[in-house]
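Engineer: Input: one structure, supplied below.
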Amino acid sequence: MPIRNRLAELAPEIAEWRRDFHEHPELLYDTHRTAGIVAAKLREFGCDEVVEGIGRTGVVGVIRGKSDKSGRVVGLRADMDALPIQEITGLPHASKTPGKMHACGHDGHTAMLLGAAKYLAETRNFDGTAVVIFQPAEEGGAGGKAMCDDGMMDRFGIHEVYGMHNMPGLPVGQFAIRPGAFFAAADQITIDVKGLGGHAAKPHETVDTTLVAAHIVVALQSVASRNVDPTKQVVVSVTSFRTDSEAHNVIPENVQLRGTVRTMDADVRNLAEARIKAIAEGTAAALGATAKVTYSRGYPVMVNAEDETVFAAEAARKVAGACADAPLVMGGEDFAYMLEERPGAYIMIGNGDTAMVHHPAYDFDDSAIPAGCSWWAEIVESRMPAA
């Protein structure tokens with residue numbers, strides 16, 4: 001069954017919800033306005049149960065089908081938070097909050113799942129229970145973990161869980177997915193280099209931390225090129241280089257490097273952590289300085305379950321006529337925590353020829369709404385066919 005007629009009819013209304021969310025972006029767990037609107041709409045739709053405050057500001061709605069002979073419970077998840085970016089789109093619905101914008105399309109994800117919830121609550125043409133999950137703090141706050149830590153999976157008896165994210169560059173309303181490891185583990189590194197500061201005209205009387213840190217930055221590239229199997233994925237990126245002086249004639253006493261490490265494999269993740277510490281400490285020692293490495297593990301690898309991926313792809317083909325093979329994504333995604341607790345799958349929906357996510361010119365394409373909503377509906381109605 002392709003795009004549902006009812007969802008095509010609802011698309012303008014769903015787009016209005018999406019644009020309202022876009023105008024009022026909220027960060028991390030501070031999604032009180034968004035969560036309040038979501039909860040109010042779920043109650044308006046006639047959901048059998050609406051629970052707020054899961055994972056601090058998460059919202060869960062329960063929709064029971066016409067029958068429940070299967071006893072199956074399927075979870076559907078969307079994220080609600082925005083990013084600390086200044087929007088430059090100039091659109092009528094652009095962010096009204098300086099320094100914050102929906103630069104990743106979570107406004108679209110939330111609106112599409114709300115649209116699907118309205119449809120499912122109206123039709124209830126399935127045998128089992130659909131649980132719609134609206135999560136805060138995907139952008140670095142591990143809101144998915146917070147909801148799981150609050151016992152969400154057991155509390156609502158969820159057997160399997162599905163998620164969706166938009167993808168610029170993929171045609172609007174088309175889908176792509178892959179089984180197994182899909183999104184990378186996302187870790188953070190901080191390296192504090194300490195030497196001996198002094199006058200820039202007398203470098204021989206100092207231990208030049210700027211030089212030491214520069215050598216560390218270059219040496220860290222050997223993790224990918226010389227330590228890890230070339231057939232496996234690893235990214236080590238130093239993204240910040242800070243000294244404790246901004247003067248032209250001062251060699252600083254301290255330098256701090258910051259960056260990120262992305263991996264798709266637990267063994268590679270462990271190897272990268274060990275090598276980064278050894279390289280930074282060893283390089284600093286060789287040049288007369290010291291280096292302290294703080295390695296902070298973030299989101300784990302997001303792994304799609306094999307059977308659920310096949311099912312999700314088939315649902316996409318029913319809606320859009322095709323489902324492409326998605327590439328590996330070295331970005332992180334905290335839906336990984338939900339997939340660690342329950343089998344499920346994460347799929348990409350096309351956003352067309354737009355700016356990339358996390359760019360100040362990005363905007364979600366509302367023409368993807370009917371396909372996205374229909375995929376959610378197809379998941380529920382096909383996974384739990386009416387008795």
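Residues in the structure tokens are numbered from 1 in each chain, the chains being A, B, ... in the order shown, and ligands are numbered from 1 in the order shown.
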I want to know what sits within 8 Å of Val59 in chain A, based on only C-alpha atoms, with residues of the same chain fewer than 5 positions away left out; could you give that as a list in words?
Structural biologist: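 Residues meeting the cut-off are Ala35, Val38, Ala39, Val50, Val51, Glu52, Gly53, Ile54, Ile133, Phe134 and Gln135 of chain A.
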Engineer: Could you give me, as a PyMOL selection string, the residues within 6 Å of range 43-49 of chain A, counting only C-alpha atoms and dropping anything in the same chain fewer than 3 positions from it?
Structural biologist: chain A and resi 40+61-63+118
Engineer: Just the number, please: distance in Å from CA of Ala184 in chain A to CA of His22 in chain A, one decimal.
Structural biologist: 27.1 Å
Engineer: Rounded to one decimal place, report the CA of Ala130 in chain A-CA of Asp154 in chain A distance in Å.
Structural biologist: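 Calculated distance between CA of Ala130 in chain A and CA of Asp154 in chain A is 14.2 Å.
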Engineer: Given only C-alpha atoms, how would the per-residue table for range 70-188 of chain A near range 357-378 of chain A read, listing every residue at most 7 Å away with its closest atom pair and distance in Å to one decimal, sorted by chain and number, as a tab-separated table?
Structural biologist:
```
residue	atom	partner	partner_atom	distance
A:Ile85	CA	A:Pro360	CA	6.3
A:Gln86	CA	A:Pro360	CA	6.2
A:Glu87	CA	A:Pro360	CA	4.7
A:Ile88	CA	A:Ala361	CA	5.4
A:Thr89	CA	A:Ala361	CA	4.9
A:Ala103	CA	A:His358	CA	4.8
A:Cys104	CA	A:Val357	CA	4.7
A:Gly105	CA	A:Phe364	CA	5.2
A:Gly108	CA	A:Phe364	CA	6.1
A:Met112	CA	A:Cys373	CA	5.2
A:Leu113	CA	A:Cys373	CA	6.4
A:Gly115	CA	A:Cys373	CA	6.1
A:Ala116	CA	A:Cys373	CA	4.9
A:Leu120	CA	A:Ala377	CA	6.9
A:Val172	CA	A:Ala368	CA	5.6
A:Gly173	CA	A:Ala368	CA	4.7
```
Engineer: Choose the residue, out of A:Gly332, A:Pro136, A:Gly75, A:Pro98, that has the smallest atom-to-atom separation from Ile158 in chain A; count only C-alpha atoms.
Structural biologist: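 Result for the nearest residue to Ile158 in chain A: A:Gly75.
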Engineer: For Tyr29 in chain A, find every residue with an atom within 10 Å (counting only C-alpha atoms), except residues of its own chain fewer than 4 positions away, and show them as a PDB file with N, CA and C atoms, in the first residue's frame.
Structural biologist:
```pdb
ATOM      1  N   ALA A  35       7.573  19.369  23.835  1.00  0.00           N
ATOM      2  CA  ALA A  35       6.985  18.205  24.491  1.00  0.00           C
ATOM      3  C   ALA A  35       5.555  18.473  24.931  1.00  0.00           C
ATOM      4  N   GLY A  55      12.638  10.179  30.667  1.00  0.00           N
ATOM      5  CA  GLY A  55      13.903  10.721  30.192  1.00  0.00           C
ATOM      6  C   GLY A  55      13.910  12.226  30.331  1.00  0.00           C
ATOM      7  N   ARG A  56      13.375  12.704  31.442  1.00  0.00           N
ATOM      8  CA  ARG A  56      13.294  14.129  31.804  1.00  0.00           C
ATOM      9  C   ARG A  56      12.186  14.851  31.040  1.00  0.00           C
ATOM     10  N   THR A  57      12.325  14.982  29.721  1.00  0.00           N
ATOM     11  CA  THR A  57      11.285  15.708  28.976  1.00  0.00           C
ATOM     12  C   THR A  57      10.740  14.905  27.797  1.00  0.00           C
ATOM     13  N   GLY A  58      10.925  13.602  27.804  1.00  0.00           N
ATOM     14  CA  GLY A  58      10.380  12.767  26.744  1.00  0.00           C
ATOM     15  C   GLY A  58       8.890  12.515  26.917  1.00  0.00           C
ATOM     16  N   MET A  80      13.246  15.416  19.207  1.00  0.00           N
ATOM     17  CA  MET A  80      12.584  16.726  19.269  1.00  0.00           C
ATOM     18  C   MET A  80      13.536  17.915  19.346  1.00  0.00           C
ATOM     19  N   ASP A  81      14.809  17.718  19.670  1.00  0.00           N
ATOM     20  CA  ASP A  81      15.677  18.850  19.991  1.00  0.00           C
ATOM     21  C   ASP A  81      16.344  19.461  18.765  1.00  0.00           C
ATOM     22  N   GLN A 135      11.542  11.890  21.802  1.00  0.00           N
ATOM     23  CA  GLN A 135      12.752  11.911  22.628  1.00  0.00           C
ATOM     24  C   GLN A 135      13.449  13.271  22.610  1.00  0.00           C
ATOM     25  N   PRO A 136      13.881  13.761  23.774  1.00  0.00           N
ATOM     26  CA  PRO A 136      14.711  14.962  23.815  1.00  0.00           C
ATOM     27  C   PRO A 136      16.188  14.617  23.656  1.00  0.00           C
ATOM     28  N   ALA A 137      17.004  15.639  23.499  1.00  0.00           N
ATOM     29  CA  ALA A 137      18.458  15.539  23.686  1.00  0.00           C
ATOM     30  C   ALA A 137      19.144  14.468  22.849  1.00  0.00           C
ATOM     31  N   GLU A 138      18.811  14.393  21.575  1.00  0.00           N
ATOM     32  CA  GLU A 138      19.574  13.494  20.705  1.00  0.00           C
ATOM     33  C   GLU A 138      20.920  14.113  20.351  1.00  0.00           C
ATOM     34  N   GLU A 139      20.947  15.444  20.255  1.00  0.00           N
ATOM     35  CA  GLU A 139      22.155  16.136  19.814  1.00  0.00           C
ATOM     36  C   GLU A 139      23.172  16.271  20.950  1.00  0.00           C
ATOM     37  N   GLY A 141      23.072  14.857  24.060  1.00  0.00           N
ATOM     38  CA  GLY A 141      22.619  14.725  25.442  1.00  0.00           C
ATOM     39  C   GLY A 141      22.197  13.341  25.841  1.00  0.00           C
ATOM     40  N   ALA A 142      22.231  12.385  24.906  1.00  0.00           N
ATOM     41  CA  ALA A 142      21.873  10.985  25.189  1.00  0.00           C
ATOM     42  C   ALA A 142      20.464  10.850  25.754  1.00  0.00           C
ATOM     43  N   GLY A 143      19.521  11.577  25.147  1.00  0.00           N
ATOM     44  CA  GLY A 143      18.132  11.475  25.591  1.00  0.00           C
ATOM     45  C   GLY A 143      17.555  10.091  25.399  1.00  0.00           C
TER      46      GLY A 143
END
```
Engineer: Set the distance at 12 Å and use only C-alpha atoms: which residues neighbour Ala214 in chain A once local chain neighbours fewer than 4 positions away are removed? I'd like the list as a VMD selection string.
Structural biologist: chain A and resid 191 193 208 to 210 218 to 221 238 240 to 243 255 to 257 280 283 to 284 287
Engineer: Looking only at helix (DSSP H, G or I) from DSSP on the backbone, list the matching residues of range 173-332 of chain A as a ChimeraX atom specification.
Structural biologist: /A:203-205,209-220,222-227,266-286,306-320
Engineer: Print the selection's residues with C-alpha atoms to a file, as a tab-separated table (two decimals), in the first residue's frame.
Structural biologist:
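As written to disk, out02.tsv reads:
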```tsv
chain	number	residue	atom	x	y	z
A	203	PRO	CA	62.48	29.50	22.51
A	204	HIS	CA	65.57	27.65	23.78
A	205	GLU	CA	64.60	28.65	27.31
A	209	THR	CA	53.76	23.54	23.91
A	210	THR	CA	52.52	24.87	20.57
A	211	LEU	CA	55.19	22.86	18.77
A	212	VAL	CA	54.52	19.80	20.92
A	213	ALA	CA	50.76	19.98	20.33
A	214	ALA	CA	51.30	20.40	16.58
A	215	HIS	CA	53.43	17.23	16.52
A	216	ILE	CA	50.66	15.41	18.43
A	217	VAL	CA	48.01	16.52	15.92
A	218	VAL	CA	50.09	15.18	13.03
A	219	ALA	CA	51.06	11.96	14.82
A	220	LEU	CA	47.44	11.13	15.66
A	222	SER	CA	48.81	7.47	12.14
A	223	VAL	CA	45.98	5.83	14.12
A	224	ALA	CA	43.93	5.54	10.93
A	225	SER	CA	46.82	5.14	8.48
A	226	ARG	CA	49.08	2.74	10.39
A	227	ASN	CA	47.30	1.20	13.42
A	266	ALA	CA	34.35	-2.29	19.47
A	267	ASP	CA	37.89	-3.60	18.98
A	268	VAL	CA	38.82	-0.64	16.79
A	269	ARG	CA	37.32	1.70	19.38
A	270	ASN	CA	39.50	0.18	22.12
A	271	LEU	CA	42.58	0.29	19.89
A	272	ALA	CA	42.00	3.94	18.96
A	273	GLU	CA	41.69	4.95	22.61
A	274	ALA	CA	44.90	3.14	23.56
A	275	ARG	CA	46.90	4.50	20.64
A	276	ILE	CA	45.73	8.10	21.12
A	277	LYS	CA	46.90	8.03	24.73
A	278	ALA	CA	50.24	6.41	23.85
A	279	ILE	CA	50.92	8.77	20.93
A	280	ALA	CA	50.05	11.95	22.81
A	281	GLU	CA	51.97	11.02	25.97
A	282	GLY	CA	54.96	9.65	24.07
A	283	THR	CA	55.23	12.58	21.66
A	284	ALA	CA	55.02	15.08	24.51
A	285	ALA	CA	57.65	13.22	26.54
A	286	ALA	CA	60.03	13.07	23.58
A	306	GLU	CA	18.93	-8.10	10.43
A	307	ASP	CA	15.28	-9.25	10.36
A	308	GLU	CA	13.83	-5.88	11.34
A	309	THR	CA	15.93	-4.17	8.65
A	310	VAL	CA	14.49	-6.47	6.01
A	311	PHE	CA	11.02	-5.65	7.27
A	312	ALA	CA	11.68	-1.89	7.39
A	313	ALA	CA	13.02	-1.95	3.82
A	314	GLU	CA	9.97	-3.84	2.60
A	315	ALA	CA	7.71	-1.27	4.27
A	316	ALA	CA	9.66	1.46	2.46
A	317	ARG	CA	9.26	-0.30	-0.89
A	318	LYS	CA	5.51	-0.51	-0.31
A	319	VAL	CA	5.38	3.25	0.28
A	320	ALA	CA	7.92	4.56	-2.22
```
Engineer: From the set A:Ile37, A:Ala176, A:Met264, A:Val236, which residue has the shortest atom-to-atom contact distance to Ala322 in chain A, counting only C-alpha atoms?
Structural biologist: A:Ala176
Engineer: Select, from A:Ala111, A:Arg383, A:Gly144, A:Asp30, the residue with the minimum atom-to-atom distance to Trp17 in chain A, counting only C-alpha atoms.
Structural biologist: A:Ala111
Engineer: Within 10 Å of Ala345 in chain A, counting only C-alpha atoms, which residues show up once you throw out same-chain ones fewer than 2 positions away? Write them as number ranges by chain, please.
Structural biologist: A: 160-164, 177-180, 182, 302-313, 335-336, 338-339, 342-343, 347
